[in-house]
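J.: I'd like to ask you about the structure that follows.
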Number of protein chains: 2
Amino acid sequence: MLRTHTCGELRINNVGTEVTICGWIQKSRDLGGMTFIDLRDRYGVTQLVFNMETNSELCESVRKMGREFVIAITGKVTERSNKNAKIATGDIEIVAEKLELLNSAKTPPFTIEDESDGGDDLRMKYRYLDIRRNPVKNSLLLRHRLALETRNYLAGQEFIEVETPVLIKSTPEGARDFVVPSRMNQGEFYALPQSPQTFKQLLMVAGMDRYYQIVKCFRDEDLRADRQPEFTQIDCEMSFITQEDILQTFEGLAVHLFKTVKGLDLPKFPRITYAEAMENYGNDKPDTRFDMKFFYPQFPKVGFSVIENADLVVSIVAKNCSEFTRKQIDELTEWVKRPQIGAGGLIYVRYNLDGTVKSSVDKFYSEEQLRETFGSANAEKGDLVLVLTGAKAKTLKAMSELRLEMGNRLGLRKKEEFKPLWVLDFPLFEFNDEDNRLYAMHHPFTSPHTEDIALLDTNPVAVRANAYDMVINGVEIGGGSIRIFNKELQAKMFNLLGFTPDEAQEQFGFLMNAFEYGAPPHGGLALGFDRLCAMFGGSDSIRDYIAFPKNNSGRDVMIDSPSPINPVQLKELGIAVSGK
Amino acid sequence: MLRTHTCGELRINNVGTEVTICGWIQKSRDLGGMTFIDLRDRYGVTQLVFNMETNSELCESVRKMGREFVIAITGKVTERSNKNAKIATGDIEIVAEKLELLNSAKTPPFTIEDESDGGDDLRMKYRYLDIRRNPVKNSLLLRHRLALETRNYLAGQEFIEVETPVLIKSTPEGARDFVVPSRMNQGEFYALPQSPQTFKQLLMVAGMDRYYQIVKCFRDEDLRADRQPEFTQIDCEMSFITQEDILQTFEGLAVHLFKTVKGLDLPKFPRITYAEAMENYGNDKPDTRFDMKFFYPQFPKVGFSVIENADLVVSIVAKNCSEFTRKQIDELTEWVKRPQIGAGGLIYVRYNLDGTVKSSVDKFYSEEQLRETFGSANAEKGDLVLVLTGAKAKTLKAMSELRLEMGNRLGLRKKEEFKPLWVLDFPLFEFNDEDNRLYAMHHPFTSPHTEDIALLDTNPVAVRANAYDMVINGVEIGGGSIRIFNKELQAKMFNLLGFTPDEAQEQFGFLMNAFEYGAPPHGGLALGFDRLCAMFGGSDSIRDYIAFPKNNSGRDVMIDSPSPINPVQLKELGIAVSGK
């Protein structure tokens, strides 16, 4: 090694030792007689001292070096007179005796500080400099620890890591595939996997019993702020299990990660059904760091059409908000009327501290009628009730958003509080009005509740699936299901999803055939690893937890990809760019 | 769990316990009064007993079940009268009390036994059945253990696992890229990485200090028996190191893997230079499980053109082979004359047990002349000297092959013996006669020996690189180099490799630019993980160590991929299949 120590490890007990450390010049302070350098590497920062009196040549040469120069320095560890409690090495400094310039550096295009002056685009272009900054570096170190602890836990539970192929087969179902033209089989294409779903099921047929993989997956979707064309999953599958075993195993994983990585003890995860989640929170991934459950008020008939003609009337009680000003209420009203939320307006009822109840609909309802309507809503003196009305699905969604917004405004969504839960019994199908057909809510391999199988023919949308999501703080961290392992039932699913037998055979024949050779009962789960990392880091955005992310147009601006390829390559592949 | 125990864990101390196990019917023996079933899962095999007298119904129903049926069985663990020492559960059996059919199975297309009756193609098509066989299953379990121990070791050495992107940029240098058309950037393509080389170097510039990844890489090459279009590397890079640090670190990894996975203590790895390897073995990845080093005999001038006009005359001494029959020698001669080896013929010299020396060239050389020629070749009574002559490169290669073949014939290449070594000081370039240009022997980022830098301008093929390979038993397990971290030297390399400055900038600009912002001294190494697994498993073929491999046409015959994609997909991507 070119160093004896890192920039993060010297302590008071190293005083007197001769050491060599290497790193980047973070900061240089020329105080005339002395120059102080903060030298940085992955492990920390150490202060170097250059003394003009005792070694003017060395001091002058370091003064010529700019930020981000790479140097090796040899010297004696000395106790600092002016200790810095903010850094781990703050008790000591190194009195420089020898200086080696390892590499010079142009002035970086933005400051390498926790709070940088660089905009997003600039930092992405120079991602290798951005990663030098603590927040990004620490995000990547956190990701490493989470991957390591995930592997430790799963290996301890007899899970086997198996690599599934990246060059697979395109299936029109679901999101769009990225495809890869085959040179050796011209006119044919591989696809990149959206998930290793079929392969992990085949591994169960193969008897592997417990499989896991931390694996890249790919979706060619129009990108939103928090989506990446390539993303990473913790992908798992188990045989000879019930749903309960899966919930226990992966609750155990989450508990292990919180304990080992954050030092937190999570309590047992509450479980609610999809139906309960929708009723109480209007959302299948509720943020349960705060209560504020939905209440469905039954207003008396007084001829108020906004309420009486509405599909749905739903309310929440904001505790201790009766003193909201007119301005605050107007703001909230504007907020719910934004196109993203789309409510027609906001009705409120104040439970004033003086005991009176006043509302925005006083001209329709007496105080007595309001008290009766919200009698079981748990509204008390000092509370503010907010009511939305309208079409069912839209209003549930709007109220879910309003609930989260109130949680934000009231500081109820604390970054360092973690409230996990399981959401169970998802519907097997969702009906799409546009193309008038059923879609699999989870995926086509999900098994129905045994007691709902009869409904497959009569009322498929009422069929509950053996499907579950792990939700933490309003974020769907992962989900899975107990799979169908019977060829007939799988064929029936494909039929209900509008596949002809030929289409089903063409696309999933290898899986259905495999089911004929002794498929064990099995099920599994996949966790979104990028999102898990962001949640552990207390961030809403996954991008800083990915070393080299792409932007919203799917471009890597650092390497300038994608890019045109040369005509020889195209010709070898037997493809042409259309219209060029 | 549907089971209380696996099929591999019951022992004599479990006798008397009521258990439930699940698995596949491996074998069923109907002995009239009793039926014995071998039930198999990932963990082992357990014998089940069904008694016709005490429970005829149960016994009859299990007799109807065929091989590979999936069942759950409940019963009492009992000591076997007829113990089977070959299996871990051989002391006990389960007397069946309850039988549940979990799934039936068609008769598998080949036998699920250690030695199967299925051919390669059939087993690949039904890979999910092939994996049920012990040899394949154990190969995948071995791979899992090697990955786990690799991660444990590297994490213990402060290496950080960082995922580099899969959708990157195509570069014409090196092997052919697989490309991925971009829908959002029509006419442009991503490429799949042949290795994360540039990204890991950027991570060093980013200050990550020690990086590793077990990562899929891709090469669109015409496939040989032991190549796969997607393969896996253990990819590593370190900063602030010398070559010695890299050798120590990864020798440590190999020692750790052999110790933890095979229980073997490896001695310190010998180190030889590339020049020595070529001189002694005609091969940069010598199999050193046996000696048989090359000897270059200096024959006296007697007018024998085969020797005197040859570019190169090289020999090996096969110990204790003087008694080889005429037939054996003829066979060897035919062997070296095959087109794959391409020698013109084989000269031999016998050091007979009676003290005489006889050769195939007795008419040109006296016994005395032969003794003198091979005086320092260490040939003794009982040995056989084999000589090849011809053009230098071709003859070295032929002799290297002959040496390995003799090792095989003499049983000197033992599967369970492991002889690792480091080969150092590879040439920086190799000259290609066909297109009359230099190619990078390792890759364009490899640094030259400091003392050879002057030769870059005068005699580039003589420049030695700071490049090293880890070789075990004649297999190149991995290799790497100390990198160039200086923009000018990197630009000079590209120039020597025939890149114009514009081409270099276009393809590697992001890396060269990064070097301007404070690149630390760094280097690294990549190990071929598939090959490492095969070597640990004692196999020459990597295919059984990959869960779902592709065949030599790059096809996955199980999922039937690649395959045509529909015209809508092509249109969305802005590409067309040529000539269709």
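We name chains A, B, ... following the order of the structure tokens; residues begin at 1 in each chain, and ligands are numbered from 1 as shown.
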Based on the backbone DSSP call, show me all residues of range 508-568 of chain A assigned strand (DSSP E), as an MDAnalysis selection string.

T.: chainID A and resid 522:528

J.: Kindly save the residues from that selection, with all heavy atoms included, as a PDB file, in the first residue's frame.

T.:
ATOM      1  N   HIS A 522     -45.323 -23.531  -4.049  1.00  0.00           N
ATOM      2  CA  HIS A 522     -44.269 -22.539  -3.860  1.00  0.00           C
ATOM      3  C   HIS A 522     -44.810 -21.120  -3.917  1.00  0.00           C
ATOM      4  O   HIS A 522     -45.940 -20.894  -4.351  1.00  0.00           O
ATOM      5  CB  HIS A 522     -43.158 -22.737  -4.890  1.00  0.00           C
ATOM      6  CG  HIS A 522     -43.589 -22.526  -6.324  1.00  0.00           C
ATOM      7  ND1 HIS A 522     -44.378 -23.429  -7.005  1.00  0.00           N
ATOM      8  CD2 HIS A 522     -43.335 -21.529  -7.187  1.00  0.00           C
ATOM      9  CE1 HIS A 522     -44.593 -22.997  -8.237  1.00  0.00           C
ATOM     10  NE2 HIS A 522     -43.976 -21.836  -8.368  1.00  0.00           N
ATOM     11  N   GLY A 523     -44.012 -20.205  -3.457  1.00  0.00           N
ATOM     12  CA  GLY A 523     -44.393 -18.802  -3.469  1.00  0.00           C
ATOM     13  C   GLY A 523     -43.157 -17.972  -3.203  1.00  0.00           C
ATOM     14  O   GLY A 523     -42.103 -18.499  -2.877  1.00  0.00           O
ATOM     15  N   GLY A 524     -43.302 -16.670  -3.361  1.00  0.00           N
ATOM     16  CA  GLY A 524     -42.117 -15.854  -3.165  1.00  0.00           C
ATOM     17  C   GLY A 524     -42.442 -14.394  -3.056  1.00  0.00           C
ATOM     18  O   GLY A 524     -43.606 -14.006  -2.837  1.00  0.00           O
ATOM     19  N   LEU A 525     -41.432 -13.629  -3.249  1.00  0.00           N
ATOM     20  CA  LEU A 525     -41.539 -12.197  -3.010  1.00  0.00           C
ATOM     21  C   LEU A 525     -40.341 -11.505  -3.649  1.00  0.00           C
ATOM     22  O   LEU A 525     -39.276 -12.113  -3.811  1.00  0.00           O
ATOM     23  CB  LEU A 525     -41.554 -11.993  -1.494  1.00  0.00           C
ATOM     24  CG  LEU A 525     -41.362 -10.642  -0.883  1.00  0.00           C
ATOM     25  CD1 LEU A 525     -42.356 -10.470   0.266  1.00  0.00           C
ATOM     26  CD2 LEU A 525     -39.954 -10.515  -0.364  1.00  0.00           C
ATOM     27  N   ALA A 526     -40.537 -10.265  -4.061  1.00  0.00           N
ATOM     28  CA  ALA A 526     -39.425  -9.448  -4.552  1.00  0.00           C
ATOM     29  C   ALA A 526     -39.481  -8.101  -3.857  1.00  0.00           C
ATOM     30  O   ALA A 526     -40.558  -7.515  -3.710  1.00  0.00           O
ATOM     31  CB  ALA A 526     -39.510  -9.278  -6.067  1.00  0.00           C
ATOM     32  N   LEU A 527     -38.325  -7.646  -3.400  1.00  0.00           N
ATOM     33  CA  LEU A 527     -38.237  -6.329  -2.762  1.00  0.00           C
ATOM     34  C   LEU A 527     -37.509  -5.391  -3.710  1.00  0.00           C
ATOM     35  O   LEU A 527     -36.509  -5.779  -4.325  1.00  0.00           O
ATOM     36  CB  LEU A 527     -37.456  -6.419  -1.451  1.00  0.00           C
ATOM     37  CG  LEU A 527     -37.995  -7.360  -0.374  1.00  0.00           C
ATOM     38  CD1 LEU A 527     -37.017  -7.452   0.790  1.00  0.00           C
ATOM     39  CD2 LEU A 527     -39.350  -6.893   0.138  1.00  0.00           C
ATOM     40  N   GLY A 528     -38.000  -4.170  -3.829  1.00  0.00           N
ATOM     41  CA  GLY A 528     -37.312  -3.166  -4.649  1.00  0.00           C
ATOM     42  C   GLY A 528     -36.096  -2.675  -3.884  1.00  0.00           C
ATOM     43  O   GLY A 528     -36.223  -1.958  -2.894  1.00  0.00           O
TER      44      GLY A 528
END

J.: What's around range 207-217 of chain A at 7 Å? Count only C-alpha atoms, leave out sequence neighbours fewer than 6 positions away in its own chain, and write the answer as an MDAnalysis selection string.

T.: (chainID A and resid 158:163 193:195 230:239) or (chainID B and resid 41:42 132)

J.: Which is closest to chain B among A:Glu244, A:Glu476, A:Glu115, A:Glu334, if we use only C-alpha atoms?

T.: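 Once distances to chain B are computed over only C-alpha atoms, the minimum belongs to A:Glu244.
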
J.: For Gln490 in chain A, please output as a PyMOL selection string all residues within 10 Å (counting only C-alpha atoms; exclusion window: fewer than 4 positions along the same chain).

T.: chain A and resi 444-447+483-486+494-496+504+508+511-512+515

J.: Considering only C-alpha atoms, can you say which of A:Arg63, A:Lys125, A:Lys27, A:Lys262 comes closest to chain B?

T.: A:Lys125

J.: Using only C-alpha atoms, can you tell me which of B:Met184, B:Ile329, B:Ile341, B:Leu10 comes closest to chain A?

T.: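 The shortest atom-to-atom distance to chain A comes from B:Met184.
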
J.: Within 12 Å of range 272-276 of chain B, counting only C-alpha atoms, which residues show up once you throw out same-chain ones fewer than 5 positions away? Write them as a ChimeraX atom specification, please.

T.: /B:281-286,288,293-294,420-428,441,462,464-471

J.: Once you have the residues from the selection above, write them out as a compact mmCIF listing (two decimals), in the first residue's frame, restricted to N, CA, C and O atoms.

T.:
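And here's selection21.txt as it stands now:
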# COMPACT_ATOMS: atom_id res chain seq x y z
N TYR B 281 7.12 -23.44 -20.75
CA TYR B 281 5.90 -24.22 -21.00
C TYR B 281 5.25 -23.89 -22.35
O TYR B 281 4.25 -24.49 -22.72
N GLY B 282 5.77 -22.88 -23.06
CA GLY B 282 5.18 -22.48 -24.34
C GLY B 282 3.75 -21.98 -24.19
O GLY B 282 2.95 -22.05 -25.10
N ASN B 283 3.45 -21.43 -23.00
CA ASN B 283 2.06 -21.20 -22.64
C ASN B 283 2.04 -20.17 -21.53
O ASN B 283 2.83 -20.28 -20.59
N ASP B 284 1.14 -19.18 -21.64
CA ASP B 284 1.09 -18.18 -20.56
C ASP B 284 0.18 -18.61 -19.42
O ASP B 284 -0.04 -17.86 -18.48
N LYS B 285 -0.38 -19.81 -19.51
CA LYS B 285 -1.15 -20.34 -18.37
C LYS B 285 -0.74 -21.80 -18.14
O LYS B 285 -1.52 -22.73 -18.34
N PRO B 286 0.49 -22.00 -17.70
CA PRO B 286 1.01 -23.36 -17.58
C PRO B 286 0.32 -24.17 -16.49
O PRO B 286 -0.04 -23.64 -15.44
N THR B 288 1.08 -26.46 -13.78
CA THR B 288 2.29 -26.80 -13.04
C THR B 288 2.05 -27.93 -12.04
O THR B 288 2.82 -28.11 -11.11
N LYS B 293 9.42 -29.40 -18.01
CA LYS B 293 9.70 -28.10 -18.63
C LYS B 293 10.36 -28.27 -19.98
O LYS B 293 11.04 -29.28 -20.24
N PHE B 294 10.24 -27.27 -20.82
CA PHE B 294 10.84 -27.32 -22.14
C PHE B 294 12.37 -27.27 -22.04
O PHE B 294 12.91 -26.57 -21.19
N PRO B 420 -1.67 -23.39 -8.04
CA PRO B 420 -1.85 -22.02 -8.51
C PRO B 420 -0.50 -21.33 -8.71
O PRO B 420 0.51 -21.73 -8.12
N LEU B 421 -0.50 -20.32 -9.56
CA LEU B 421 0.68 -19.45 -9.68
C LEU B 421 0.26 -18.11 -10.26
O LEU B 421 -0.84 -17.96 -10.78
N TRP B 422 1.14 -17.15 -10.11
CA TRP B 422 0.98 -15.85 -10.75
C TRP B 422 1.89 -15.79 -11.97
O TRP B 422 3.07 -16.13 -11.86
N VAL B 423 1.37 -15.35 -13.09
CA VAL B 423 2.20 -15.04 -14.25
C VAL B 423 2.25 -13.52 -14.35
O VAL B 423 1.20 -12.86 -14.40
N LEU B 424 3.46 -12.97 -14.36
CA LEU B 424 3.65 -11.51 -14.27
C LEU B 424 4.27 -10.97 -15.55
O LEU B 424 4.72 -11.73 -16.40
N ASP B 425 4.29 -9.64 -15.63
CA ASP B 425 5.05 -8.94 -16.69
C ASP B 425 4.63 -9.35 -18.09
O ASP B 425 5.48 -9.61 -18.96
N PHE B 426 3.34 -9.40 -18.34
CA PHE B 426 2.86 -9.63 -19.70
C PHE B 426 3.34 -8.50 -20.60
O PHE B 426 3.54 -7.37 -20.14
N PRO B 427 3.50 -8.78 -21.91
CA PRO B 427 3.78 -7.67 -22.82
C PRO B 427 2.59 -6.70 -22.83
O PRO B 427 1.45 -7.11 -22.64
N LEU B 428 2.89 -5.42 -23.06
CA LEU B 428 1.81 -4.43 -23.10
C LEU B 428 0.99 -4.59 -24.37
O LEU B 428 -0.23 -4.45 -24.37
N MET B 441 -2.60 -6.15 -25.18
CA MET B 441 -2.64 -7.56 -24.79
C MET B 441 -3.69 -7.74 -23.67
O MET B 441 -4.46 -8.69 -23.70
N ALA B 462 8.26 -4.67 -27.10
CA ALA B 462 9.15 -5.10 -26.01
C ALA B 462 8.73 -4.54 -24.65
O ALA B 462 9.29 -4.91 -23.62
N ARG B 464 7.03 -4.15 -21.28
CA ARG B 464 6.32 -5.02 -20.34
C ARG B 464 5.24 -4.22 -19.62
O ARG B 464 5.41 -3.04 -19.30
N ALA B 465 4.13 -4.89 -19.38
CA ALA B 465 3.01 -4.25 -18.68
C ALA B 465 3.00 -4.65 -17.22
O ALA B 465 3.50 -5.72 -16.85
N ASN B 466 2.41 -3.79 -16.39
CA ASN B 466 2.13 -4.16 -15.01
C ASN B 466 0.84 -4.98 -15.00
O ASN B 466 -0.20 -4.56 -14.51
N ALA B 467 0.94 -6.15 -15.62
CA ALA B 467 -0.24 -6.99 -15.80
C ALA B 467 0.08 -8.38 -15.29
O ALA B 467 1.22 -8.83 -15.40
N TYR B 468 -0.94 -9.04 -14.74
CA TYR B 468 -0.72 -10.31 -14.06
C TYR B 468 -1.94 -11.21 -14.25
O TYR B 468 -3.06 -10.75 -14.36
N ASP B 469 -1.68 -12.49 -14.33
CA ASP B 469 -2.76 -13.48 -14.40
C ASP B 469 -2.64 -14.45 -13.24
O ASP B 469 -1.52 -14.85 -12.87
N MET B 470 -3.77 -14.82 -12.68
CA MET B 470 -3.78 -15.93 -11.73
C MET B 470 -4.12 -17.20 -12.51
O MET B 470 -5.14 -17.25 -13.19
N VAL B 471 -3.24 -18.18 -12.44
CA VAL B 471 -3.41 -19.41 -13.19
C VAL B 471 -3.47 -20.58 -12.20
O VAL B 471 -2.66 -20.64 -11.27

J.: Smallest atom-to-atom distance to chain A: which of B:Pro196, B:Gly187, B:Gly479, B:Pro300, using only C-alpha atoms?

T.: B:Gly187

J.: Just give me the gap between CA of Arg271 in chain A and CA of Thr4 in chain B in Å, one decimal is fine.

T.: 25.5 Å

J.: Rank A:Gly75, A:Gly156, A:Gly518, A:Gly407 by their smallest atom-to-atom distance to Thr20 in chain A, using only C-alpha atoms, and report the top residue only.

T.: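 Going through A:Gly75, A:Gly156, A:Gly518, A:Gly407 one by one, the smallest distance to Thr20 in chain A is for A:Gly75.
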
J.: Give the answer as one residue: which of A:Glu93, A:Phe429, A:Asn513, A:Val62 has the shortest atom-to-atom distance to Met493 in chain A, using only C-alpha atoms?

T.: A:Phe429

J.: Using only C-alpha atoms, which protein or nucleic acid residues come within 9 Å of Asn320 in chain B? Drop anything in the same chain fewer than 3 positions from it, and give the result as a ChimeraX atom specification.

T.: /B:323-324,380-384

J.: What does the file look like for those residues with N, CA and C atoms, as a PDB file, in the first residue's frame?

T.:
ATOM      1  N   GLU B 323       9.996 -47.128 -22.148  1.00  0.00           N
ATOM      2  CA  GLU B 323       9.429 -48.404 -22.591  1.00  0.00           C
ATOM      3  C   GLU B 323       8.153 -48.226 -23.431  1.00  0.00           C
ATOM      4  N   PHE B 324       7.824 -46.989 -23.775  1.00  0.00           N
ATOM      5  CA  PHE B 324       6.681 -46.767 -24.675  1.00  0.00           C
ATOM      6  C   PHE B 324       6.841 -47.691 -25.883  1.00  0.00           C
ATOM      7  N   GLU B 380      17.300 -39.274 -17.918  1.00  0.00           N
ATOM      8  CA  GLU B 380      17.990 -40.369 -17.237  1.00  0.00           C
ATOM      9  C   GLU B 380      17.530 -41.700 -17.816  1.00  0.00           C
ATOM     10  N   LYS B 381      18.203 -42.720 -17.396  1.00  0.00           N
ATOM     11  CA  LYS B 381      17.790 -44.083 -17.756  1.00  0.00           C
ATOM     12  C   LYS B 381      16.288 -44.231 -17.530  1.00  0.00           C
ATOM     13  N   GLY B 382      15.591 -44.718 -18.527  1.00  0.00           N
ATOM     14  CA  GLY B 382      14.147 -44.952 -18.364  1.00  0.00           C
ATOM     15  C   GLY B 382      13.285 -43.823 -18.922  1.00  0.00           C
ATOM     16  N   ASP B 383      13.924 -42.728 -19.362  1.00  0.00           N
ATOM     17  CA  ASP B 383      13.132 -41.581 -19.828  1.00  0.00           C
ATOM     18  C   ASP B 383      12.996 -41.578 -21.347  1.00  0.00           C
ATOM     19  N   LEU B 384      12.007 -40.817 -21.794  1.00  0.00           N
ATOM     20  CA  LEU B 384      11.767 -40.655 -23.222  1.00  0.00           C
ATOM     21  C   LEU B 384      11.780 -39.160 -23.528  1.00  0.00           C
TER      22      LEU B 384
END

J.: By how many Å are CA of Leu489 in chain A and CA of Leu456 in chain A apart?

T.: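 A separation of 10.3 Å between them.
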
J.: Would you list, as JSON, numbers by chain, the residues of range 78-321 of chain A that end up in alpha helix (DSSP H) under DSSP run on this structure's backbone?

T.: {"A": [120, 121, 122, 123, 124, 125, 127, 128, 129, 130, 134, 135, 136, 137, 138, 139, 140, 141, 142, 143, 144, 145, 146, 147, 148, 149, 150, 151, 152, 153, 154, 155, 156, 197, 198, 199, 200, 201, 202, 203, 204, 205, 243, 244, 245, 246, 247, 248, 249, 250, 251, 252, 253, 254, 255, 256, 257, 258, 259, 260, 261, 262, 274, 275, 276, 277, 278, 279, 280, 281, 305, 306, 307, 308]}

J.: Can you list, as a PDB file with C-alpha atoms, in the first residue's frame, every protein, DNA or RNA residue that comes within 8 Å of range 389-404 of chain B when you count only C-alpha atoms, leaving out same-chain residues fewer than 4 positions away?

T.:
ATOM      1  CA  MET B 278       6.578 -19.072 -22.575  1.00  0.00           C
ATOM      2  CA  TYR B 281       5.901 -24.223 -20.999  1.00  0.00           C
ATOM      3  CA  GLY B 282       5.177 -22.479 -24.339  1.00  0.00           C
ATOM      4  CA  ASN B 283       2.064 -21.204 -22.644  1.00  0.00           C
ATOM      5  CA  ASP B 287      -0.325 -26.387 -15.773  1.00  0.00           C
ATOM      6  CA  MET B 292       8.225 -31.516 -17.790  1.00  0.00           C
ATOM      7  CA  VAL B 306      14.466 -30.870 -40.304  1.00  0.00           C
ATOM      8  CA  ILE B 307      16.443 -29.693 -37.330  1.00  0.00           C
ATOM      9  CA  ALA B 310      13.968 -25.102 -38.162  1.00  0.00           C
ATOM     10  CA  ASP B 311      13.182 -21.810 -36.483  1.00  0.00           C
ATOM     11  CA  LEU B 312      12.863 -23.624 -33.233  1.00  0.00           C
ATOM     12  CA  VAL B 313      13.817 -27.012 -31.814  1.00  0.00           C
ATOM     13  CA  VAL B 314      12.211 -27.832 -28.485  1.00  0.00           C
ATOM     14  CA  SER B 315      11.970 -30.956 -26.372  1.00  0.00           C
ATOM     15  CA  ILE B 316      10.420 -32.369 -23.247  1.00  0.00           C
ATOM     16  CA  VAL B 336       0.884 -34.098 -33.002  1.00  0.00           C
ATOM     17  CA  ILE B 341      -1.688 -29.335 -33.353  1.00  0.00           C
ATOM     18  CA  GLY B 342      -0.085 -29.076 -36.763  1.00  0.00           C
ATOM     19  CA  ALA B 343       3.401 -30.457 -36.137  1.00  0.00           C
ATOM     20  CA  GLY B 344       5.192 -32.018 -39.084  1.00  0.00           C
ATOM     21  CA  ASN B 408      -2.990 -36.537 -19.312  1.00  0.00           C
TER      22      ASN B 408
END

J.: As a VMD selection string, please: the residues near Leu573 in chain A (cut-off 12 Å, only C-alpha atoms, same-chain neighbours under 5 positions excluded).

T.: (chain A and resid 180 to 189 565 to 568) or (chain B and resid 176 to 181 220 575 to 579)

J.: Can you check which parts of range 347-439 of chain A lie within 12 Å of range 536-559 of chain A? Per residue, the shortest pair of atoms and distance in Å to one decimal, counting only C-alpha atoms, sorted by chain and number, as a tab-separated table.

T.:
residue	atom	partner	partner_atom	distance
A:Arg413	CA	A:Gly538	CA	11.1
A:Lys414	CA	A:Gly538	CA	9.4
A:Lys415	CA	A:Gly538	CA	5.7
A:Glu416	CA	A:Gly538	CA	7.2
A:Glu417	CA	A:Gly538	CA	9.7
A:Phe418	CA	A:Phe536	CA	9.3
